[in-house]
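Here is the structure we will look at.
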Amino acid sequence: MTTTLTLPTADGGLAPYTLRGTPPAAPAPGAVFDRIAYSAAHVVADPRAAIDPWLQCAVDWDATIAYRRYLWSLGLGVAEAMDTAQRGMGLDWPTSLELIRRSVEASKDMPGALVASGCGTDHLVLDEVRTVDDVIRGYEEQMEAIEKLGGKLIVMASRALARVAKSPADYERVYDRILSQAKQPVVLHWLGDMFDPALAGYWNGKDVNATGPGGVGPVAGAPYDVARAMDTTVGIIAAHADKVDGIKISLLDKDHEIAMRRRLPATGGPDGQGVRMYTGDDFNYAELIAGDGAGSVPTHGKSDALLGIFDAIAPAASAALAALAAGDTDRFHAILGPTVPLSRHIFRAPTRFYKTGVVFMAWLNGHQSHFTMVGGQQSTRSLPHLAELFRLADAADLLQQPELAARRMRSLLAVHGVE
């Protein structure tokens, strides 16, 4: 029996769409991966909480932790309290710390479960941050709180540091201080300004990012010097290779990632075998994870993964990674390749609103009972955008319960006046 819906189109019209309805590839039970793979995980809002959604944060803790158990059951690690969890876009630091506490605790019941948690400076009031020392204190406060819970750190990019840093030396000072204190190797995060405009110029500083002739004076609107930023970042990592598990870069440019991957230290990292590149490229992840085999050490020829899109495509990611570990590269690409158009749509500009697509997928697939988000962020994408997301998810065989997904899509259409 076929299912047909009337869906909005990009030109403002309506057109029938017949569902393929093929469920995702089934991950093999107990599959072993040869890549470390984290999914940045979303939070499930509590729609029944009597709060002001734009001003206050209410989380459905049971549903949120249940989703993490689901990710762990597929062999994926959880990158906790990151951008995908709406950190800095509705999820405040006290709620983030409670999320980290609950996730770390839940992981203890799941053999082999990986969880690493975002450590930043988002509790600071930006207008009150004056110096690099203020940023260091901010990082140290969150670092102490997370490590007290037994958590592994993902050192997130800091809006406060981007605001006050004048040169690469300021970044070197901050990261030297934080890395020297870490109790176990951390994952660094280089988040591009397409995800957060407040991070423009990261790693360079105001006086370096854009300079005039002869390197004198900042020039407004000049392009970001990625090469200079990469030099700074690689230098910081090389100076602390034993304290750095890896780095996730989210620049949506595979050439930048590959270039940096080949420059990472061949020693250090979580196992002494080299610092890892965790792809954060939600446009080119299949190619980057598969790798090219280039470089003098294995870590230079492939990327591990720390991806927000893995939240939305978890079964396919698990099945593909298992195939890759088994040496079946063709099956890896056959499963993961069709998910890339969906990911590119979810992460299209304005990229920072991708979380809406991630939560929409969780709702369609029955992992939560509603389509509401912390901060009311479900409103950041249009109905035509969500309709195209539905089509692409179906084309990629990512609707786990096609009939349920169709019913829920119809209910969303009805709310928007499409009967």
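Here, A, B, ... name the chains of the structure tokens in the order displayed, residue numbers run from 1 inside each chain, and ligands are numbered from 1 in the same displayed order.
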
Non-local contacts of segment 382-394 of chain A (8 Å; only C-alpha atoms; under 3 positions in same chain excluded) as a list in words: Leu7, Pro8, Thr9, Ala10, Gly12, Tyr17, Leu19, Arg20, Gly21, Thr22, Thr339, Pro341, Leu342, His345, Ile346, Gly357, Phe360, Ser379, Asp397, Leu398, Leu399, Met409, Leu413 and His416 of chain A

In segment 218-367 of chain A, what's helix (DSSP H, G or I) per DSSP? Answer as a PDB file with N, CA and C atoms, in the first residue's frame?
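Written file, selection-v6.pdb:
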```pdb
ATOM      1  N   VAL A 226      42.513  31.610   7.183  1.00  0.00           N
ATOM      2  CA  VAL A 226      42.421  30.249   7.694  1.00  0.00           C
ATOM      3  C   VAL A 226      43.802  29.640   7.875  1.00  0.00           C
ATOM      4  N   ALA A 227      44.711  29.903   6.951  1.00  0.00           N
ATOM      5  CA  ALA A 227      46.055  29.325   7.042  1.00  0.00           C
ATOM      6  C   ALA A 227      46.752  29.776   8.314  1.00  0.00           C
ATOM      7  N   ARG A 228      46.620  31.056   8.644  1.00  0.00           N
ATOM      8  CA  ARG A 228      47.241  31.563   9.867  1.00  0.00           C
ATOM      9  C   ARG A 228      46.586  30.946  11.098  1.00  0.00           C
ATOM     10  N   ALA A 229      45.275  30.838  11.070  1.00  0.00           N
ATOM     11  CA  ALA A 229      44.569  30.212  12.188  1.00  0.00           C
ATOM     12  C   ALA A 229      45.003  28.762  12.366  1.00  0.00           C
ATOM     13  N   MET A 230      45.186  28.056  11.245  1.00  0.00           N
ATOM     14  CA  MET A 230      45.606  26.660  11.323  1.00  0.00           C
ATOM     15  C   MET A 230      47.017  26.537  11.900  1.00  0.00           C
ATOM     16  N   ASP A 231      47.900  27.460  11.528  1.00  0.00           N
ATOM     17  CA  ASP A 231      49.251  27.445  12.091  1.00  0.00           C
ATOM     18  C   ASP A 231      49.199  27.579  13.609  1.00  0.00           C
ATOM     19  N   THR A 232      48.368  28.487  14.076  1.00  0.00           N
ATOM     20  CA  THR A 232      48.232  28.693  15.517  1.00  0.00           C
ATOM     21  C   THR A 232      47.708  27.442  16.202  1.00  0.00           C
ATOM     22  N   THR A 233      46.688  26.853  15.632  1.00  0.00           N
ATOM     23  CA  THR A 233      46.045  25.684  16.240  1.00  0.00           C
ATOM     24  C   THR A 233      46.993  24.489  16.272  1.00  0.00           C
ATOM     25  N   VAL A 234      47.662  24.223  15.158  1.00  0.00           N
ATOM     26  CA  VAL A 234      48.595  23.096  15.094  1.00  0.00           C
ATOM     27  C   VAL A 234      49.735  23.304  16.085  1.00  0.00           C
ATOM     28  N   GLY A 235      50.194  24.541  16.224  1.00  0.00           N
ATOM     29  CA  GLY A 235      51.251  24.816  17.187  1.00  0.00           C
ATOM     30  C   GLY A 235      50.821  24.535  18.610  1.00  0.00           C
ATOM     31  N   ILE A 236      49.596  24.919  18.959  1.00  0.00           N
ATOM     32  CA  ILE A 236      49.074  24.649  20.305  1.00  0.00           C
ATOM     33  C   ILE A 236      48.993  23.146  20.545  1.00  0.00           C
ATOM     34  N   ILE A 237      48.484  22.417  19.565  1.00  0.00           N
ATOM     35  CA  ILE A 237      48.346  20.966  19.709  1.00  0.00           C
ATOM     36  C   ILE A 237      49.709  20.304  19.842  1.00  0.00           C
ATOM     37  N   ALA A 238      50.668  20.708  19.004  1.00  0.00           N
ATOM     38  CA  ALA A 238      51.999  20.097  19.039  1.00  0.00           C
ATOM     39  C   ALA A 238      52.672  20.307  20.395  1.00  0.00           C
ATOM     40  N   ALA A 239      52.398  21.441  21.024  1.00  0.00           N
ATOM     41  CA  ALA A 239      53.001  21.739  22.320  1.00  0.00           C
ATOM     42  C   ALA A 239      52.381  20.931  23.454  1.00  0.00           C
ATOM     43  N   ALA A 241      50.670  17.603  22.823  1.00  0.00           N
ATOM     44  CA  ALA A 241      50.135  16.428  22.120  1.00  0.00           C
ATOM     45  C   ALA A 241      49.650  15.350  23.081  1.00  0.00           C
ATOM     46  N   ASP A 242      50.282  15.246  24.238  1.00  0.00           N
ATOM     47  CA  ASP A 242      49.873  14.214  25.194  1.00  0.00           C
ATOM     48  C   ASP A 242      48.578  14.577  25.910  1.00  0.00           C
ATOM     49  N   LYS A 243      48.124  15.824  25.774  1.00  0.00           N
ATOM     50  CA  LYS A 243      46.887  16.266  26.427  1.00  0.00           C
ATOM     51  C   LYS A 243      45.741  16.452  25.438  1.00  0.00           C
ATOM     52  N   LYS A 254      36.299  20.521   3.098  1.00  0.00           N
ATOM     53  CA  LYS A 254      37.077  19.299   3.253  1.00  0.00           C
ATOM     54  C   LYS A 254      38.571  19.529   3.051  1.00  0.00           C
ATOM     55  N   ASP A 255      38.942  20.485   2.187  1.00  0.00           N
ATOM     56  CA  ASP A 255      40.361  20.717   1.933  1.00  0.00           C
ATOM     57  C   ASP A 255      41.066  21.255   3.175  1.00  0.00           C
ATOM     58  N   HIS A 256      40.404  22.125   3.917  1.00  0.00           N
ATOM     59  CA  HIS A 256      40.987  22.604   5.173  1.00  0.00           C
ATOM     60  C   HIS A 256      41.187  21.443   6.145  1.00  0.00           C
ATOM     61  N   GLU A 257      40.184  20.586   6.244  1.00  0.00           N
ATOM     62  CA  GLU A 257      40.294  19.469   7.176  1.00  0.00           C
ATOM     63  C   GLU A 257      41.421  18.521   6.788  1.00  0.00           C
ATOM     64  N   ILE A 258      41.516  18.177   5.528  1.00  0.00           N
ATOM     65  CA  ILE A 258      42.556  17.256   5.079  1.00  0.00           C
ATOM     66  C   ILE A 258      43.944  17.851   5.296  1.00  0.00           C
ATOM     67  N   ALA A 259      44.094  19.131   4.977  1.00  0.00           N
ATOM     68  CA  ALA A 259      45.386  19.792   5.165  1.00  0.00           C
ATOM     69  C   ALA A 259      45.802  19.768   6.629  1.00  0.00           C
ATOM     70  N   MET A 260      44.857  20.034   7.519  1.00  0.00           N
ATOM     71  CA  MET A 260      45.194  20.045   8.943  1.00  0.00           C
ATOM     72  C   MET A 260      45.429  18.632   9.458  1.00  0.00           C
ATOM     73  N   ARG A 261      44.635  17.693   8.993  1.00  0.00           N
ATOM     74  CA  ARG A 261      44.783  16.295   9.421  1.00  0.00           C
ATOM     75  C   ARG A 261      46.208  15.804   9.194  1.00  0.00           C
ATOM     76  N   TYR A 285      31.310  14.439   5.130  1.00  0.00           N
ATOM     77  CA  TYR A 285      31.760  13.480   6.132  1.00  0.00           C
ATOM     78  C   TYR A 285      32.035  12.097   5.572  1.00  0.00           C
ATOM     79  N   ALA A 286      31.256  11.638   4.610  1.00  0.00           N
ATOM     80  CA  ALA A 286      31.465  10.279   4.093  1.00  0.00           C
ATOM     81  C   ALA A 286      32.859  10.135   3.497  1.00  0.00           C
ATOM     82  N   GLU A 287      33.238  11.095   2.669  1.00  0.00           N
ATOM     83  CA  GLU A 287      34.556  11.065   2.035  1.00  0.00           C
ATOM     84  C   GLU A 287      35.680  11.191   3.062  1.00  0.00           C
ATOM     85  N   LEU A 288      35.477  12.048   4.050  1.00  0.00           N
ATOM     86  CA  LEU A 288      36.531  12.307   5.033  1.00  0.00           C
ATOM     87  C   LEU A 288      36.722  11.133   5.982  1.00  0.00           C
ATOM     88  N   ILE A 289      35.649  10.492   6.389  1.00  0.00           N
ATOM     89  CA  ILE A 289      35.759   9.315   7.252  1.00  0.00           C
ATOM     90  C   ILE A 289      36.416   8.164   6.494  1.00  0.00           C
ATOM     91  N   ALA A 290      36.021   7.943   5.269  1.00  0.00           N
ATOM     92  CA  ALA A 290      36.637   6.877   4.461  1.00  0.00           C
ATOM     93  C   ALA A 290      38.122   7.117   4.319  1.00  0.00           C
ATOM     94  N   PRO A 298      48.733   6.396  10.201  1.00  0.00           N
ATOM     95  CA  PRO A 298      47.315   6.151   9.882  1.00  0.00           C
ATOM     96  C   PRO A 298      46.395   7.330  10.179  1.00  0.00           C
ATOM     97  N   THR A 299      46.660   8.081  11.256  1.00  0.00           N
ATOM     98  CA  THR A 299      45.769   9.187  11.611  1.00  0.00           C
ATOM     99  C   THR A 299      45.799  10.316  10.588  1.00  0.00           C
ATOM    100  N   HIS A 300      46.799  10.351   9.725  1.00  0.00           N
ATOM    101  CA  HIS A 300      46.871  11.400   8.708  1.00  0.00           C
ATOM    102  C   HIS A 300      46.019  11.077   7.484  1.00  0.00           C
ATOM    103  N   ILE A 309      25.148  15.667  12.467  1.00  0.00           N
ATOM    104  CA  ILE A 309      24.251  14.933  11.575  1.00  0.00           C
ATOM    105  C   ILE A 309      24.083  13.492  12.014  1.00  0.00           C
ATOM    106  N   PHE A 310      25.031  12.932  12.747  1.00  0.00           N
ATOM    107  CA  PHE A 310      24.884  11.550  13.210  1.00  0.00           C
ATOM    108  C   PHE A 310      23.683  11.389  14.131  1.00  0.00           C
ATOM    109  N   ASP A 311      23.260  12.455  14.796  1.00  0.00           N
ATOM    110  CA  ASP A 311      22.046  12.400  15.606  1.00  0.00           C
ATOM    111  C   ASP A 311      20.851  12.056  14.721  1.00  0.00           C
ATOM    112  N   ALA A 312      20.798  12.655  13.533  1.00  0.00           N
ATOM    113  CA  ALA A 312      19.650  12.484  12.646  1.00  0.00           C
ATOM    114  C   ALA A 312      19.718  11.210  11.814  1.00  0.00           C
ATOM    115  N   ALA A 314      21.512   8.251  12.736  1.00  0.00           N
ATOM    116  CA  ALA A 314      22.249   7.313  13.584  1.00  0.00           C
ATOM    117  C   ALA A 314      22.260   5.868  13.074  1.00  0.00           C
ATOM    118  N   PRO A 315      21.116   5.275  12.688  1.00  0.00           N
ATOM    119  CA  PRO A 315      21.174   3.879  12.223  1.00  0.00           C
ATOM    120  C   PRO A 315      22.046   3.710  10.986  1.00  0.00           C
ATOM    121  N   ALA A 316      21.920   4.629  10.046  1.00  0.00           N
ATOM    122  CA  ALA A 316      22.736   4.551   8.829  1.00  0.00           C
ATOM    123  C   ALA A 316      24.207   4.747   9.152  1.00  0.00           C
ATOM    124  N   ALA A 317      24.529   5.686  10.049  1.00  0.00           N
ATOM    125  CA  ALA A 317      25.917   5.907  10.432  1.00  0.00           C
ATOM    126  C   ALA A 317      26.515   4.658  11.044  1.00  0.00           C
ATOM    127  N   SER A 318      25.766   4.011  11.930  1.00  0.00           N
ATOM    128  CA  SER A 318      26.250   2.797  12.582  1.00  0.00           C
ATOM    129  C   SER A 318      26.478   1.667  11.581  1.00  0.00           C
ATOM    130  N   ALA A 319      25.517   1.450  10.704  1.00  0.00           N
ATOM    131  CA  ALA A 319      25.645   0.383   9.709  1.00  0.00           C
ATOM    132  C   ALA A 319      26.804   0.657   8.755  1.00  0.00           C
ATOM    133  N   ALA A 320      26.969   1.911   8.357  1.00  0.00           N
ATOM    134  CA  ALA A 320      28.054   2.259   7.439  1.00  0.00           C
ATOM    135  C   ALA A 320      29.412   2.090   8.098  1.00  0.00           C
ATOM    136  N   LEU A 321      29.552   2.519   9.331  1.00  0.00           N
ATOM    137  CA  LEU A 321      30.828   2.389  10.037  1.00  0.00           C
ATOM    138  C   LEU A 321      31.191   0.926  10.257  1.00  0.00           C
ATOM    139  N   ALA A 322      30.187   0.098  10.522  1.00  0.00           N
ATOM    140  CA  ALA A 322      30.441  -1.339  10.674  1.00  0.00           C
ATOM    141  C   ALA A 322      30.929  -1.930   9.353  1.00  0.00           C
ATOM    142  N   ALA A 323      30.334  -1.508   8.240  1.00  0.00           N
ATOM    143  CA  ALA A 323      30.767  -1.999   6.928  1.00  0.00           C
ATOM    144  C   ALA A 323      32.193  -1.567   6.634  1.00  0.00           C
ATOM    145  N   LEU A 324      32.525  -0.333   6.970  1.00  0.00           N
ATOM    146  CA  LEU A 324      33.879   0.162   6.731  1.00  0.00           C
ATOM    147  C   LEU A 324      34.897  -0.638   7.541  1.00  0.00           C
ATOM    148  N   ALA A 325      34.554  -0.914   8.800  1.00  0.00           N
ATOM    149  CA  ALA A 325      35.465  -1.694   9.640  1.00  0.00           C
ATOM    150  C   ALA A 325      35.643  -3.112   9.117  1.00  0.00           C
ATOM    151  N   THR A 329      34.116  -1.123   1.739  1.00  0.00           N
ATOM    152  CA  THR A 329      34.035   0.315   1.467  1.00  0.00           C
ATOM    153  C   THR A 329      32.857   0.650   0.565  1.00  0.00           C
ATOM    154  N   ASP A 330      32.550  -0.232  -0.375  1.00  0.00           N
ATOM    155  CA  ASP A 330      31.421   0.024  -1.279  1.00  0.00           C
ATOM    156  C   ASP A 330      30.116   0.130  -0.501  1.00  0.00           C
ATOM    157  N   ARG A 331      29.912  -0.785   0.445  1.00  0.00           N
ATOM    158  CA  ARG A 331      28.679  -0.729   1.242  1.00  0.00           C
ATOM    159  C   ARG A 331      28.672   0.509   2.139  1.00  0.00           C
ATOM    160  N   PHE A 332      29.818   0.870   2.677  1.00  0.00           N
ATOM    161  CA  PHE A 332      29.923   2.095   3.483  1.00  0.00           C
ATOM    162  C   PHE A 332      29.387   3.285   2.702  1.00  0.00           C
ATOM    163  N   HIS A 333      29.866   3.438   1.474  1.00  0.00           N
ATOM    164  CA  HIS A 333      29.435   4.581   0.663  1.00  0.00           C
ATOM    165  C   HIS A 333      27.986   4.420   0.198  1.00  0.00           C
ATOM    166  N   ALA A 334      27.566   3.189  -0.050  1.00  0.00           N
ATOM    167  CA  ALA A 334      26.188   2.966  -0.486  1.00  0.00           C
ATOM    168  C   ALA A 334      25.195   3.366   0.596  1.00  0.00           C
ATOM    169  N   ILE A 335      25.563   3.151   1.853  1.00  0.00           N
ATOM    170  CA  ILE A 335      24.670   3.523   2.965  1.00  0.00           C
ATOM    171  C   ILE A 335      24.783   5.009   3.285  1.00  0.00           C
ATOM    172  N   LEU A 336      26.010   5.501   3.398  1.00  0.00           N
ATOM    173  CA  LEU A 336      26.202   6.864   3.898  1.00  0.00           C
ATOM    174  C   LEU A 336      26.057   7.920   2.802  1.00  0.00           C
ATOM    175  N   THR A 339      22.841   9.877   2.416  1.00  0.00           N
ATOM    176  CA  THR A 339      22.477  10.760   3.526  1.00  0.00           C
ATOM    177  C   THR A 339      23.058  12.163   3.365  1.00  0.00           C
ATOM    178  N   VAL A 340      24.036  12.306   2.487  1.00  0.00           N
ATOM    179  CA  VAL A 340      24.717  13.595   2.360  1.00  0.00           C
ATOM    180  C   VAL A 340      23.799  14.698   1.839  1.00  0.00           C
ATOM    181  N   PRO A 341      22.962  14.469   0.805  1.00  0.00           N
ATOM    182  CA  PRO A 341      22.040  15.539   0.401  1.00  0.00           C
ATOM    183  C   PRO A 341      21.119  15.997   1.535  1.00  0.00           C
ATOM    184  N   LEU A 342      20.659  15.063   2.350  1.00  0.00           N
ATOM    185  CA  LEU A 342      19.848  15.430   3.510  1.00  0.00           C
ATOM    186  C   LEU A 342      20.646  16.314   4.459  1.00  0.00           C
ATOM    187  N   SER A 343      21.871  15.916   4.753  1.00  0.00           N
ATOM    188  CA  SER A 343      22.694  16.685   5.680  1.00  0.00           C
ATOM    189  C   SER A 343      22.966  18.090   5.153  1.00  0.00           C
ATOM    190  N   ARG A 344      23.267  18.186   3.864  1.00  0.00           N
ATOM    191  CA  ARG A 344      23.525  19.503   3.285  1.00  0.00           C
ATOM    192  C   ARG A 344      22.282  20.402   3.374  1.00  0.00           C
ATOM    193  N   HIS A 345      21.114  19.781   3.276  1.00  0.00           N
ATOM    194  CA  HIS A 345      19.878  20.558   3.412  1.00  0.00           C
ATOM    195  C   HIS A 345      19.680  20.987   4.867  1.00  0.00           C
ATOM    196  N   ILE A 346      19.867  20.080   5.793  1.00  0.00           N
ATOM    197  CA  ILE A 346      19.697  20.410   7.212  1.00  0.00           C
ATOM    198  C   ILE A 346      20.651  21.527   7.627  1.00  0.00           C
ATOM    199  N   THR A 351      23.322  28.302   8.843  1.00  0.00           N
ATOM    200  CA  THR A 351      23.700  26.985   9.350  1.00  0.00           C
ATOM    201  C   THR A 351      23.371  26.803  10.815  1.00  0.00           C
ATOM    202  N   ARG A 352      23.407  27.872  11.586  1.00  0.00           N
ATOM    203  CA  ARG A 352      23.189  27.736  13.028  1.00  0.00           C
ATOM    204  C   ARG A 352      21.799  27.214  13.368  1.00  0.00           C
ATOM    205  N   PHE A 353      20.882  27.214  12.379  1.00  0.00           N
ATOM    206  CA  PHE A 353      19.533  26.722  12.632  1.00  0.00           C
ATOM    207  C   PHE A 353      19.363  25.246  12.280  1.00  0.00           C
ATOM    208  N   TYR A 354      20.482  24.552  12.079  1.00  0.00           N
ATOM    209  CA  TYR A 354      20.400  23.131  11.716  1.00  0.00           C
ATOM    210  C   TYR A 354      19.736  22.288  12.790  1.00  0.00           C
ATOM    211  N   LYS A 355      19.808  22.726  14.034  1.00  0.00           N
ATOM    212  CA  LYS A 355      19.249  21.928  15.138  1.00  0.00           C
ATOM    213  C   LYS A 355      17.768  21.628  14.934  1.00  0.00           C
ATOM    214  N   THR A 356      17.074  22.547  14.255  1.00  0.00           N
ATOM    215  CA  THR A 356      15.652  22.341  14.001  1.00  0.00           C
ATOM    216  C   THR A 356      15.435  21.097  13.150  1.00  0.00           C
ATOM    217  N   GLY A 357      16.270  20.890  12.148  1.00  0.00           N
ATOM    218  CA  GLY A 357      16.162  19.696  11.313  1.00  0.00           C
ATOM    219  C   GLY A 357      16.489  18.430  12.061  1.00  0.00           C
ATOM    220  N   VAL A 358      17.466  18.502  12.959  1.00  0.00           N
ATOM    221  CA  VAL A 358      17.840  17.333  13.758  1.00  0.00           C
ATOM    222  C   VAL A 358      16.675  16.905  14.644  1.00  0.00           C
ATOM    223  N   VAL A 359      16.053  17.862  15.324  1.00  0.00           N
ATOM    224  CA  VAL A 359      14.930  17.546  16.208  1.00  0.00           C
ATOM    225  C   VAL A 359      13.717  17.085  15.397  1.00  0.00           C
ATOM    226  N   PHE A 360      13.511  17.682  14.234  1.00  0.00           N
ATOM    227  CA  PHE A 360      12.413  17.266  13.365  1.00  0.00           C
ATOM    228  C   PHE A 360      12.561  15.789  12.987  1.00  0.00           C
ATOM    229  N   MET A 361      13.785  15.357  12.680  1.00  0.00           N
ATOM    230  CA  MET A 361      14.031  13.949  12.356  1.00  0.00           C
ATOM    231  C   MET A 361      13.734  13.050  13.556  1.00  0.00           C
ATOM    232  N   ALA A 362      14.121  13.478  14.737  1.00  0.00           N
ATOM    233  CA  ALA A 362      13.849  12.682  15.928  1.00  0.00           C
ATOM    234  C   ALA A 362      12.347  12.521  16.152  1.00  0.00           C
ATOM    235  N   TRP A 363      11.600  13.577  15.883  1.00  0.00           N
ATOM    236  CA  TRP A 363      10.138  13.510  16.020  1.00  0.00           C
ATOM    237  C   TRP A 363       9.538  12.587  14.965  1.00  0.00           C
ATOM    238  N   LEU A 364       9.931  12.756  13.721  1.00  0.00           N
ATOM    239  CA  LEU A 364       9.412  11.891  12.660  1.00  0.00           C
ATOM    240  C   LEU A 364       9.664  10.422  12.960  1.00  0.00           C
TER     241      LEU A 364
END
```

DSSP-assigned strand (DSSP E) among segment 240-363 of chain A, expressed as number ranges by chain: A: 244-250, 276-279, 304-307

Go ahead and write the selection's residues with N, CA and C atoms as a PDB file, in the first residue's frame.
```
ATOM      1  N   VAL A 244      46.003  16.157  24.146  1.00  0.00           N
ATOM      2  CA  VAL A 244      44.985  16.353  23.120  1.00  0.00           C
ATOM      3  C   VAL A 244      44.640  15.018  22.472  1.00  0.00           C
ATOM      4  N   ASP A 245      43.408  14.576  22.682  1.00  0.00           N
ATOM      5  CA  ASP A 245      42.884  13.380  22.012  1.00  0.00           C
ATOM      6  C   ASP A 245      42.784  13.663  20.518  1.00  0.00           C
ATOM      7  N   GLY A 246      42.179  14.789  20.181  1.00  0.00           N
ATOM      8  CA  GLY A 246      42.001  15.152  18.785  1.00  0.00           C
ATOM      9  C   GLY A 246      41.374  16.514  18.676  1.00  0.00           C
ATOM     10  N   ILE A 247      41.088  16.909  17.444  1.00  0.00           N
ATOM     11  CA  ILE A 247      40.418  18.176  17.208  1.00  0.00           C
ATOM     12  C   ILE A 247      39.286  17.966  16.215  1.00  0.00           C
ATOM     13  N   LYS A 248      38.159  18.554  16.514  1.00  0.00           N
ATOM     14  CA  LYS A 248      37.010  18.593  15.598  1.00  0.00           C
ATOM     15  C   LYS A 248      37.023  19.952  14.932  1.00  0.00           C
ATOM     16  N   ILE A 249      37.072  19.964  13.596  1.00  0.00           N
ATOM     17  CA  ILE A 249      36.938  21.244  12.919  1.00  0.00           C
ATOM     18  C   ILE A 249      35.637  21.251  12.117  1.00  0.00           C
ATOM     19  N   SER A 250      34.916  22.332  12.272  1.00  0.00           N
ATOM     20  CA  SER A 250      33.604  22.497  11.641  1.00  0.00           C
ATOM     21  C   SER A 250      33.653  23.738  10.761  1.00  0.00           C
ATOM     22  N   ARG A 276      44.104  12.777  16.766  1.00  0.00           N
ATOM     23  CA  ARG A 276      43.102  12.436  15.753  1.00  0.00           C
ATOM     24  C   ARG A 276      42.395  13.670  15.208  1.00  0.00           C
ATOM     25  N   MET A 277      41.985  13.557  13.960  1.00  0.00           N
ATOM     26  CA  MET A 277      41.081  14.538  13.371  1.00  0.00           C
ATOM     27  C   MET A 277      39.668  13.984  13.461  1.00  0.00           C
ATOM     28  N   TYR A 278      38.806  14.694  14.173  1.00  0.00           N
ATOM     29  CA  TYR A 278      37.389  14.337  14.242  1.00  0.00           C
ATOM     30  C   TYR A 278      36.643  15.231  13.266  1.00  0.00           C
ATOM     31  N   THR A 279      36.164  14.642  12.186  1.00  0.00           N
ATOM     32  CA  THR A 279      35.476  15.490  11.224  1.00  0.00           C
ATOM     33  C   THR A 279      34.222  16.090  11.830  1.00  0.00           C
ATOM     34  N   ASP A 304      38.271  10.486  12.083  1.00  0.00           N
ATOM     35  CA  ASP A 304      37.240   9.949  12.950  1.00  0.00           C
ATOM     36  C   ASP A 304      36.053  10.914  12.863  1.00  0.00           C
ATOM     37  N   ALA A 305      35.091  10.820  13.736  1.00  0.00           N
ATOM     38  CA  ALA A 305      33.889  11.627  13.542  1.00  0.00           C
ATOM     39  C   ALA A 305      33.344  12.175  14.854  1.00  0.00           C
ATOM     40  N   LEU A 306      32.916  13.426  14.796  1.00  0.00           N
ATOM     41  CA  LEU A 306      32.134  14.041  15.870  1.00  0.00           C
ATOM     42  C   LEU A 306      31.155  14.968  15.159  1.00  0.00           C
ATOM     43  N   LEU A 307      29.981  14.447  14.892  1.00  0.00           N
ATOM     44  CA  LEU A 307      29.071  15.077  13.952  1.00  0.00           C
ATOM     45  C   LEU A 307      27.665  15.283  14.519  1.00  0.00           C
TER      46      LEU A 307
END
```

Residues near Pro265 of chain A, cut-off 7 Å, only C-alpha atoms, skip fewer than 2 positions along chain, as number ranges by chain: A: 238, 241, 263, 267-268, 274-275

Two-atom distance - atom CA of Gln400 of chain A, atom CA of Asn365 of chain A (Å): 5.6 Å

Residue nearest Gly337 of chain A - candidates A:Ala406, A:Ala396, A:Pro23, A:Met82, atoms counted: only C-alpha atoms: A:Ala396

All residues 7 Å or closer to Leu153 of chain A, only C-alpha atoms, same chain fewer than 4 positions away omitted, as a PyMOL selection string: chain A and resi 116-119+186-187

Residue contacts of segment 175-181 of chain A (7 Å, only C-alpha atoms) excluding same-chain residues fewer than 3 positions away, as a PyMOL selection string: chain A and resi 171-172+240+243

Atomic separation - atom CA of Gly150 of chain A relative to atom CA of Lys108 of chain A, Å: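 Going from atom CA of Lys108 of chain A over to atom CA of Gly150 of chain A, I get 10.8 Å.
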
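Nearest residue to Ala160 of chain A among A:Thr131, A:Ser103, A:Thr18, A:Gln401 is A:Thr131, counting only C-alpha atoms.
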
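Interatomic distance, atom CA of Asp109 of chain A against atom CA of Val374 of chain A: 27.3 Å.
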
Shortest interatomic distance to Ile36 of chain A - which of A:Lys302, A:Lys152, A:Arg69, A:His189, counting only C-alpha atoms: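 So, comparing all the options, the nearest one is A:Lys302.
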